[in-house]
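Participant: I have a structure here, written as structure tokens, and I will follow up with some questions on it.
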Amino acid sequence: MIHRIITFIALLLSIGQAAGAIGTDRKIADAVDSADWLALDSLRSSLPRDSISPMLEVFSRCMTGFWLNRPDEALGGFRELFATHSSSLPPDMKLRSGVMFAMALSREGLNEAAHVTVDHLINDTVVPPSDKATLCELHELAERYGALAAHTPYAIGFPASERAVIPFTLINDGTGQNKGPLTMTSDVAAINGAPVRVVFNTGSALNIVTDSLASVLDLTPIGGNTSGPHLSLARELSLGDITVTDVPFMVIPSASGTLMRDCPMLGSELLVRLKDITIDFVNNTITVATSPARCTSQRPNMCLAPDGTLLTSGRIADRDMLLGIDTGNRGYGTVNLLGAEPDIMPQGIRIDLGGSSVVTPEMDAGPAHRTPGGSIGLQGLMMFGKLHFNFTDMTLECHTPRISLNDFCKHKSTDIFNVPGSVIYRTVPQPREKESVLSTLAGALVGGAITKLLIPSSDYWDNVSDFLSD
């Protein structure tokens, strides 16, 4: 990590940055290098804009805009970066910045512009001809954006009321001992007019469906190659009173499981598009505000992960860390603490999240899948009761009920939280000295592999297959 920071600072010096400003620039570069987007946003809001070198000011604006889901900030930053500083960018940084620019354009439905951007990267000799793997990925990405340009992905139609309510069910699939309801599903859904049961899995950014089910639901393939995992579109997805058209699904080979085999999976990408949602585990509802609030000055506590899933700042066992929000994780979650062996941690582990705290019966110890720091699984999220996600400000607020776990279990008709001595409670957050958070988060841009930006890693598909086949 250090050599990447030195390289970044050296770049600033090479373009004539004054020595007096190196201290400020080093802080910014350190946050970029460690992919600490929340810290980067805090720095940018507290430092005078003219105290940051011009190129780094623009580049850091691109990063906060991209990772904190601020499309206007991201698109404006990338346009300025390539218009005024393109000649100062090393080829690898120019490539990754260009891919992120295309992704930001696609998020806003500007897929033809995204196609042109990737095509320009291919023809601009940013990638050496010998790097055939990267060139192949870029060609596939350009083809995908070109195909999407004829559609309007994620066009959302809301009902006339102020809020739309999507009821969900927690399904016990019978696997494992004392695992309780492990899967979050909804039966008030339809794809292309056909009623379906959908699974909500925020551990995946993508919506996913098996190839056999994609054929039954008449999904339209996007791009030419359909022999392996590929993108297809659903003309219409209905979730209660909400209608979404041109919904992308990643189509994967059919698994041999039972419950998940016939259920399309909806990922965090769709939920982020809904802008303002509340997941209520007491009443088993997802409430969507049909007129989301405008952006405020509230500081974010969420950001996007390199794979497009959701991360939030939290605290486990008195240690600050980034935590993935993963309803596809069937347990309480996973935490990677220094010196912890991969195992089940003992009960009584305190989690601070979104202004509330709970004590979990247990958590898995060891490296969290794709999320250095940890992840909160479905059973862990259920303990917080009600979670409000504002994807405009990128904030998460938990409204934890003041009830015991035993009472909560009686209400939910399940015994998964019936562990002696465990409690659930709401606390008033106390100010703490900020520790060095996110220090182990892999850099998604500087020094990172382009495949992290283009496609999920291979173990991601293994995890999806395991999820479908359990």
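By order of appearance in the structure tokens: chains A, B, ..., then residues from 1 within every chain, and ligands from 1 in the order shown.
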Would you mind listing what lies within 10 Å of Phe66 in chain A as a PDB file with all heavy atoms, in the first residue's frame, with only C-alpha atoms counted and same-chain residues fewer than 2 positions away left out?
Facilitator:
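Saved file around.pdb follows:
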```pdb
ATOM      1  N   TRP A  37     -13.527   5.945   1.387  1.00  0.00           N
ATOM      2  CA  TRP A  37     -14.319   6.988   0.718  1.00  0.00           C
ATOM      3  C   TRP A  37     -15.057   7.869   1.704  1.00  0.00           C
ATOM      4  O   TRP A  37     -15.272   9.060   1.434  1.00  0.00           O
ATOM      5  CB  TRP A  37     -15.291   6.336  -0.261  1.00  0.00           C
ATOM      6  CG  TRP A  37     -14.625   5.321  -1.136  1.00  0.00           C
ATOM      7  CD1 TRP A  37     -14.963   4.010  -1.284  1.00  0.00           C
ATOM      8  CD2 TRP A  37     -13.478   5.518  -1.982  1.00  0.00           C
ATOM      9  NE1 TRP A  37     -14.107   3.377  -2.161  1.00  0.00           N
ATOM     10  CE2 TRP A  37     -13.185   4.272  -2.600  1.00  0.00           C
ATOM     11  CE3 TRP A  37     -12.662   6.614  -2.286  1.00  0.00           C
ATOM     12  CZ2 TRP A  37     -12.128   4.107  -3.489  1.00  0.00           C
ATOM     13  CZ3 TRP A  37     -11.602   6.446  -3.162  1.00  0.00           C
ATOM     14  CH2 TRP A  37     -11.346   5.204  -3.753  1.00  0.00           C
ATOM     15  N   SER A  60     -10.261  13.332  -6.626  1.00  0.00           N
ATOM     16  CA  SER A  60     -10.943  12.926  -5.392  1.00  0.00           C
ATOM     17  C   SER A  60     -12.437  13.195  -5.490  1.00  0.00           C
ATOM     18  O   SER A  60     -13.251  12.452  -4.917  1.00  0.00           O
ATOM     19  CB  SER A  60     -10.343  13.660  -4.186  1.00  0.00           C
ATOM     20  OG  SER A  60     -10.495  15.069  -4.302  1.00  0.00           O
ATOM     21  N   ARG A  61     -12.822  14.217  -6.233  1.00  0.00           N
ATOM     22  CA  ARG A  61     -14.246  14.481  -6.448  1.00  0.00           C
ATOM     23  C   ARG A  61     -14.888  13.361  -7.270  1.00  0.00           C
ATOM     24  O   ARG A  61     -16.026  12.969  -7.039  1.00  0.00           O
ATOM     25  CB  ARG A  61     -14.424  15.831  -7.136  1.00  0.00           C
ATOM     26  CG  ARG A  61     -15.868  16.274  -7.214  1.00  0.00           C
ATOM     27  CD  ARG A  61     -16.077  17.683  -7.730  1.00  0.00           C
ATOM     28  NE  ARG A  61     -14.910  18.415  -8.060  1.00  0.00           N
ATOM     29  CZ  ARG A  61     -14.680  18.953  -9.272  1.00  0.00           C
ATOM     30  NH1 ARG A  61     -15.557  18.772 -10.257  1.00  0.00           N
ATOM     31  NH2 ARG A  61     -13.589  19.660  -9.496  1.00  0.00           N
ATOM     32  N   CYS A  62     -14.143  12.857  -8.242  1.00  0.00           N
ATOM     33  CA  CYS A  62     -14.630  11.704  -9.013  1.00  0.00           C
ATOM     34  C   CYS A  62     -14.881  10.516  -8.099  1.00  0.00           C
ATOM     35  O   CYS A  62     -15.893   9.807  -8.232  1.00  0.00           O
ATOM     36  CB  CYS A  62     -13.615  11.308 -10.081  1.00  0.00           C
ATOM     37  SG  CYS A  62     -13.327  12.521 -11.379  1.00  0.00           S
ATOM     38  N   MET A  63     -13.962  10.289  -7.169  1.00  0.00           N
ATOM     39  CA  MET A  63     -14.066   9.123  -6.293  1.00  0.00           C
ATOM     40  C   MET A  63     -15.244   9.232  -5.327  1.00  0.00           C
ATOM     41  O   MET A  63     -16.018   8.280  -5.164  1.00  0.00           O
ATOM     42  CB  MET A  63     -12.758   8.932  -5.503  1.00  0.00           C
ATOM     43  CG  MET A  63     -11.537   8.636  -6.367  1.00  0.00           C
ATOM     44  SD  MET A  63     -11.690   7.126  -7.341  1.00  0.00           S
ATOM     45  CE  MET A  63     -12.135   7.813  -8.938  1.00  0.00           C
ATOM     46  N   THR A  64     -15.409  10.385  -4.669  1.00  0.00           N
ATOM     47  CA  THR A  64     -16.537  10.516  -3.741  1.00  0.00           C
ATOM     48  C   THR A  64     -17.854  10.463  -4.507  1.00  0.00           C
ATOM     49  O   THR A  64     -18.833   9.875  -4.032  1.00  0.00           O
ATOM     50  CB  THR A  64     -16.443  11.826  -2.939  1.00  0.00           C
ATOM     51  OG1 THR A  64     -16.305  12.943  -3.832  1.00  0.00           O
ATOM     52  CG2 THR A  64     -15.263  11.789  -1.986  1.00  0.00           C
ATOM     53  N   LEU A  68     -19.964   7.222  -3.456  1.00  0.00           N
ATOM     54  CA  LEU A  68     -21.026   7.669  -2.555  1.00  0.00           C
ATOM     55  C   LEU A  68     -22.330   7.927  -3.301  1.00  0.00           C
ATOM     56  O   LEU A  68     -23.209   8.626  -2.798  1.00  0.00           O
ATOM     57  CB  LEU A  68     -20.579   8.921  -1.787  1.00  0.00           C
ATOM     58  CG  LEU A  68     -19.349   8.751  -0.896  1.00  0.00           C
ATOM     59  CD1 LEU A  68     -19.028  10.044  -0.170  1.00  0.00           C
ATOM     60  CD2 LEU A  68     -19.543   7.620   0.099  1.00  0.00           C
ATOM     61  N   ASN A  69     -22.425   7.401  -4.522  1.00  0.00           N
ATOM     62  CA  ASN A  69     -23.678   7.430  -5.280  1.00  0.00           C
ATOM     63  C   ASN A  69     -24.170   8.854  -5.526  1.00  0.00           C
ATOM     64  O   ASN A  69     -25.351   9.166  -5.345  1.00  0.00           O
ATOM     65  CB  ASN A  69     -24.758   6.613  -4.550  1.00  0.00           C
ATOM     66  CG  ASN A  69     -25.958   6.314  -5.433  1.00  0.00           C
ATOM     67  OD1 ASN A  69     -25.814   6.099  -6.634  1.00  0.00           O
ATOM     68  ND2 ASN A  69     -27.141   6.305  -4.845  1.00  0.00           N
ATOM     69  N   ARG A  70     -23.246   9.718  -5.970  1.00  0.00           N
ATOM     70  CA  ARG A  70     -23.597  11.098  -6.315  1.00  0.00           C
ATOM     71  C   ARG A  70     -23.338  11.285  -7.804  1.00  0.00           C
ATOM     72  O   ARG A  70     -22.245  11.682  -8.211  1.00  0.00           O
ATOM     73  CB  ARG A  70     -22.756  12.083  -5.501  1.00  0.00           C
ATOM     74  CG  ARG A  70     -22.943  11.964  -3.998  1.00  0.00           C
ATOM     75  CD  ARG A  70     -21.905  12.772  -3.246  1.00  0.00           C
ATOM     76  NE  ARG A  70     -22.031  12.640  -1.812  1.00  0.00           N
ATOM     77  CZ  ARG A  70     -21.105  13.062  -0.940  1.00  0.00           C
ATOM     78  NH1 ARG A  70     -19.980  13.635  -1.385  1.00  0.00           N
ATOM     79  NH2 ARG A  70     -21.283  12.905   0.351  1.00  0.00           N
ATOM     80  N   PRO A  71     -24.314  10.980  -8.634  1.00  0.00           N
ATOM     81  CA  PRO A  71     -24.078  10.953 -10.080  1.00  0.00           C
ATOM     82  C   PRO A  71     -23.634  12.283 -10.663  1.00  0.00           C
ATOM     83  O   PRO A  71     -22.739  12.317 -11.517  1.00  0.00           O
ATOM     84  CB  PRO A  71     -25.427  10.507 -10.646  1.00  0.00           C
ATOM     85  CG  PRO A  71     -26.427  10.758  -9.562  1.00  0.00           C
ATOM     86  CD  PRO A  71     -25.695  10.589  -8.278  1.00  0.00           C
ATOM     87  N   ASP A  72     -24.232  13.396 -10.242  1.00  0.00           N
ATOM     88  CA  ASP A  72     -23.844  14.699 -10.796  1.00  0.00           C
ATOM     89  C   ASP A  72     -22.384  15.014 -10.462  1.00  0.00           C
ATOM     90  O   ASP A  72     -21.628  15.511 -11.307  1.00  0.00           O
ATOM     91  CB  ASP A  72     -24.753  15.803 -10.252  1.00  0.00           C
ATOM     92  CG  ASP A  72     -26.175  15.690 -10.771  1.00  0.00           C
ATOM     93  OD1 ASP A  72     -26.367  14.988 -11.786  1.00  0.00           O
ATOM     94  OD2 ASP A  72     -27.079  16.283 -10.159  1.00  0.00           O
ATOM     95  N   GLU A  73     -21.991  14.725  -9.234  1.00  0.00           N
ATOM     96  CA  GLU A  73     -20.612  14.974  -8.810  1.00  0.00           C
ATOM     97  C   GLU A  73     -19.643  14.078  -9.565  1.00  0.00           C
ATOM     98  O   GLU A  73     -18.576  14.533 -10.006  1.00  0.00           O
ATOM     99  CB  GLU A  73     -20.494  14.733  -7.302  1.00  0.00           C
ATOM    100  CG  GLU A  73     -19.113  15.003  -6.719  1.00  0.00           C
ATOM    101  CD  GLU A  73     -19.092  14.815  -5.208  1.00  0.00           C
ATOM    102  OE1 GLU A  73     -19.966  15.398  -4.530  1.00  0.00           O
ATOM    103  OE2 GLU A  73     -18.212  14.087  -4.708  1.00  0.00           O
ATOM    104  N   ALA A  74     -20.004  12.804  -9.729  1.00  0.00           N
ATOM    105  CA  ALA A  74     -19.121  11.865 -10.426  1.00  0.00           C
ATOM    106  C   ALA A  74     -18.966  12.235 -11.898  1.00  0.00           C
ATOM    107  O   ALA A  74     -17.849  12.325 -12.410  1.00  0.00           O
ATOM    108  CB  ALA A  74     -19.660  10.442 -10.293  1.00  0.00           C
ATOM    109  N   LEU A  75     -20.078  12.465 -12.592  1.00  0.00           N
ATOM    110  CA  LEU A  75     -20.009  12.749 -14.025  1.00  0.00           C
ATOM    111  C   LEU A  75     -19.302  14.077 -14.291  1.00  0.00           C
ATOM    112  O   LEU A  75     -18.470  14.177 -15.202  1.00  0.00           O
ATOM    113  CB  LEU A  75     -21.412  12.764 -14.624  1.00  0.00           C
ATOM    114  CG  LEU A  75     -22.158  11.429 -14.611  1.00  0.00           C
ATOM    115  CD1 LEU A  75     -23.550  11.582 -15.218  1.00  0.00           C
ATOM    116  CD2 LEU A  75     -21.375  10.362 -15.349  1.00  0.00           C
ATOM    117  N   GLY A  77     -17.068  15.455 -12.361  1.00  0.00           N
ATOM    118  CA  GLY A  77     -15.654  15.267 -12.034  1.00  0.00           C
ATOM    119  C   GLY A  77     -14.900  14.540 -13.129  1.00  0.00           C
ATOM    120  O   GLY A  77     -13.803  14.949 -13.526  1.00  0.00           O
ATOM    121  N   PHE A  78     -15.465  13.455 -13.642  1.00  0.00           N
ATOM    122  CA  PHE A  78     -14.779  12.695 -14.692  1.00  0.00           C
ATOM    123  C   PHE A  78     -14.641  13.518 -15.973  1.00  0.00           C
ATOM    124  O   PHE A  78     -13.609  13.460 -16.648  1.00  0.00           O
ATOM    125  CB  PHE A  78     -15.515  11.387 -14.975  1.00  0.00           C
ATOM    126  CG  PHE A  78     -15.241  10.300 -13.978  1.00  0.00           C
ATOM    127  CD1 PHE A  78     -16.274   9.756 -13.213  1.00  0.00           C
ATOM    128  CD2 PHE A  78     -13.950   9.818 -13.781  1.00  0.00           C
ATOM    129  CE1 PHE A  78     -16.029   8.751 -12.297  1.00  0.00           C
ATOM    130  CE2 PHE A  78     -13.688   8.813 -12.857  1.00  0.00           C
ATOM    131  CZ  PHE A  78     -14.735   8.282 -12.111  1.00  0.00           C
ATOM    132  N   MET A 100     -14.596   3.573 -14.859  1.00  0.00           N
ATOM    133  CA  MET A 100     -15.508   4.093 -13.838  1.00  0.00           C
ATOM    134  C   MET A 100     -16.419   5.170 -14.423  1.00  0.00           C
ATOM    135  O   MET A 100     -17.612   5.253 -14.082  1.00  0.00           O
ATOM    136  CB  MET A 100     -14.703   4.642 -12.659  1.00  0.00           C
ATOM    137  CG  MET A 100     -13.951   3.588 -11.878  1.00  0.00           C
ATOM    138  SD  MET A 100     -12.967   4.277 -10.523  1.00  0.00           S
ATOM    139  CE  MET A 100     -14.241   4.737  -9.373  1.00  0.00           C
ATOM    140  N   PHE A 101     -15.879   6.012 -15.311  1.00  0.00           N
ATOM    141  CA  PHE A 101     -16.682   7.033 -15.984  1.00  0.00           C
ATOM    142  C   PHE A 101     -17.810   6.363 -16.760  1.00  0.00           C
ATOM    143  O   PHE A 101     -18.976   6.780 -16.694  1.00  0.00           O
ATOM    144  CB  PHE A 101     -15.780   7.862 -16.894  1.00  0.00           C
ATOM    145  CG  PHE A 101     -16.466   9.043 -17.548  1.00  0.00           C
ATOM    146  CD1 PHE A 101     -17.620   9.596 -17.015  1.00  0.00           C
ATOM    147  CD2 PHE A 101     -15.941   9.590 -18.698  1.00  0.00           C
ATOM    148  CE1 PHE A 101     -18.238  10.693 -17.617  1.00  0.00           C
ATOM    149  CE2 PHE A 101     -16.553  10.674 -19.317  1.00  0.00           C
ATOM    150  CZ  PHE A 101     -17.701  11.224 -18.771  1.00  0.00           C
ATOM    151  N   MET A 103     -19.120   3.410 -16.212  1.00  0.00           N
ATOM    152  CA  MET A 103     -20.058   2.829 -15.256  1.00  0.00           C
ATOM    153  C   MET A 103     -20.983   3.894 -14.674  1.00  0.00           C
ATOM    154  O   MET A 103     -22.189   3.672 -14.501  1.00  0.00           O
ATOM    155  CB  MET A 103     -19.296   2.116 -14.143  1.00  0.00           C
ATOM    156  CG  MET A 103     -18.508   0.896 -14.603  1.00  0.00           C
ATOM    157  SD  MET A 103     -17.419   0.237 -13.330  1.00  0.00           S
ATOM    158  CE  MET A 103     -18.612  -0.415 -12.168  1.00  0.00           C
ATOM    159  N   ALA A 104     -20.419   5.072 -14.376  1.00  0.00           N
ATOM    160  CA  ALA A 104     -21.226   6.172 -13.842  1.00  0.00           C
ATOM    161  C   ALA A 104     -22.250   6.639 -14.879  1.00  0.00           C
ATOM    162  O   ALA A 104     -23.398   6.951 -14.543  1.00  0.00           O
ATOM    163  CB  ALA A 104     -20.331   7.324 -13.414  1.00  0.00           C
ATOM    164  N   CYS A 303     -21.331   3.561   1.710  1.00  0.00           N
ATOM    165  CA  CYS A 303     -20.690   3.743   0.416  1.00  0.00           C
ATOM    166  C   CYS A 303     -20.850   2.440  -0.369  1.00  0.00           C
ATOM    167  O   CYS A 303     -21.306   1.437   0.175  1.00  0.00           O
ATOM    168  CB  CYS A 303     -19.214   4.121   0.553  1.00  0.00           C
ATOM    169  SG  CYS A 303     -18.179   2.859   1.322  1.00  0.00           S
ATOM    170  N   LEU A 304     -20.479   2.486  -1.638  1.00  0.00           N
ATOM    171  CA  LEU A 304     -20.538   1.290  -2.469  1.00  0.00           C
ATOM    172  C   LEU A 304     -19.229   0.523  -2.369  1.00  0.00           C
ATOM    173  O   LEU A 304     -18.150   1.117  -2.271  1.00  0.00           O
ATOM    174  CB  LEU A 304     -20.804   1.670  -3.926  1.00  0.00           C
ATOM    175  CG  LEU A 304     -22.128   2.390  -4.194  1.00  0.00           C
ATOM    176  CD1 LEU A 304     -22.205   2.816  -5.656  1.00  0.00           C
ATOM    177  CD2 LEU A 304     -23.315   1.512  -3.831  1.00  0.00           C
TER     178      LEU A 304
END
```
Participant: Any idea what's packed within 6 Å of Met250 in chain A, counting only C-alpha atoms, ignoring anything in its chain fewer than 4 positions away? Could you give it as a PyMOL selection string?
Facilitator: chain A and resi 208+230-231
Participant: Quick one: pull the distance between CA of Glu112 in chain A and CA of Ala150 in chain A, Å, one decimal.
Facilitator: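 A separation of 8.4 Å between them.
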Participant: Write out as a compact mmCIF listing (two decimals) with N, CA and C atoms, in the first residue's frame the residues lying within 12 Å of Arg49 in chain A, counting only C-alpha atoms and excluding same-chain residues fewer than 5 positions away.
Facilitator:
```txt
# COMPACT_ATOMS: atom_id res chain seq x y z
N ALA A 21 1.87 22.29 0.05
CA ALA A 21 0.56 21.66 0.02
C ALA A 21 0.63 20.14 0.08
N THR A 24 -1.48 18.29 2.85
CA THR A 24 -2.90 18.14 2.54
C THR A 24 -3.11 17.08 1.48
N ASP A 25 -2.29 17.13 0.44
CA ASP A 25 -2.44 16.16 -0.64
C ASP A 25 -2.15 14.74 -0.17
N ILE A 28 -5.25 13.35 1.38
CA ILE A 28 -6.22 12.98 0.34
C ILE A 28 -5.78 11.70 -0.36
N LEU A 43 -12.70 14.66 4.58
CA LEU A 43 -11.57 15.55 4.31
C LEU A 43 -11.95 16.64 3.31
N ARG A 44 -12.62 16.26 2.25
CA ARG A 44 -12.98 17.23 1.22
C ARG A 44 -13.93 18.29 1.75
N PRO A 54 -4.83 20.94 -7.97
CA PRO A 54 -5.97 20.91 -8.91
C PRO A 54 -6.32 19.51 -9.41
N MET A 55 -5.29 18.75 -9.84
CA MET A 55 -5.59 17.43 -10.37
C MET A 55 -6.16 16.50 -9.30
N LEU A 56 -5.60 16.55 -8.10
CA LEU A 56 -6.05 15.69 -7.02
C LEU A 56 -7.44 16.11 -6.53
N GLU A 57 -7.73 17.40 -6.57
CA GLU A 57 -9.06 17.87 -6.18
C GLU A 57 -10.12 17.28 -7.11
N VAL A 58 -9.85 17.31 -8.41
CA VAL A 58 -10.80 16.78 -9.38
C VAL A 58 -10.90 15.26 -9.23
N SER A 60 -10.26 13.33 -6.63
CA SER A 60 -10.94 12.93 -5.39
C SER A 60 -12.44 13.19 -5.49
N ARG A 61 -12.82 14.22 -6.23
CA ARG A 61 -14.25 14.48 -6.45
C ARG A 61 -14.89 13.36 -7.27
```
Participant: Between CA of Leu353 in chain A and CA of Ala39 in chain A, what is the distance, to one decimal in Å?
Facilitator: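 Computing the Euclidean distance for CA of Leu353 in chain A and CA of Ala39 in chain A yields 17.3 Å.
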Participant: Leu138 in chain A: which residues within 8 Å, counting only C-alpha atoms, same-chain residues fewer than 4 positions away excluded, as a ChimeraX atom specification?
Facilitator: /A:118-119,122,134,142
Participant: Which residue gives the smallest distance to Thr334 in chain A among A:Ala147, A:Ala194, A:Ala305, A:Ala365, with only C-alpha atoms counted?
Facilitator: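 Among the listed residues, A:Ala365 lies closest to Thr334 in chain A.
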Participant: Out of range 178-228 of chain A, which residues get strand (DSSP E or B) from DSSP, as a VMD selection string?
Facilitator: chain A and resid 183 to 191 194 to 200 208 to 210 220 to 222
Participant: Using only C-alpha atoms, find the one residue out of A:Ala317, A:Ile349, A:Leu170, A:Ala289 that sits nearest to His388 in chain A.
Facilitator: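 The answer is A:Ala289, which sits nearest to His388 in chain A.
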Participant: Using CA of Val335 in chain A and CA of Gly377 in chain A as the two end points, give the distance in Å to one decimal.
Facilitator: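 Separation of CA of Val335 in chain A and CA of Gly377 in chain A: 10.5 Å.
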Participant: Do a neighbour search on Ala234 in chain A at 12 Å with only C-alpha atoms, toss out local chain neighbours closer than 5 positions, and write the hits as a VMD selection string.
Facilitator: chain A and resid 151 to 155 190 to 194 207 to 209 213 to 222 243 to 251 264
Participant: Rank A:Ser204, A:Gly223, A:Val127, A:Ser161 by their smallest atom-to-atom distance to Gly146 in chain A, using only C-alpha atoms, and report the top residue only.
Facilitator: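 For Gly146 in chain A, the nearest of the candidates is A:Gly223.
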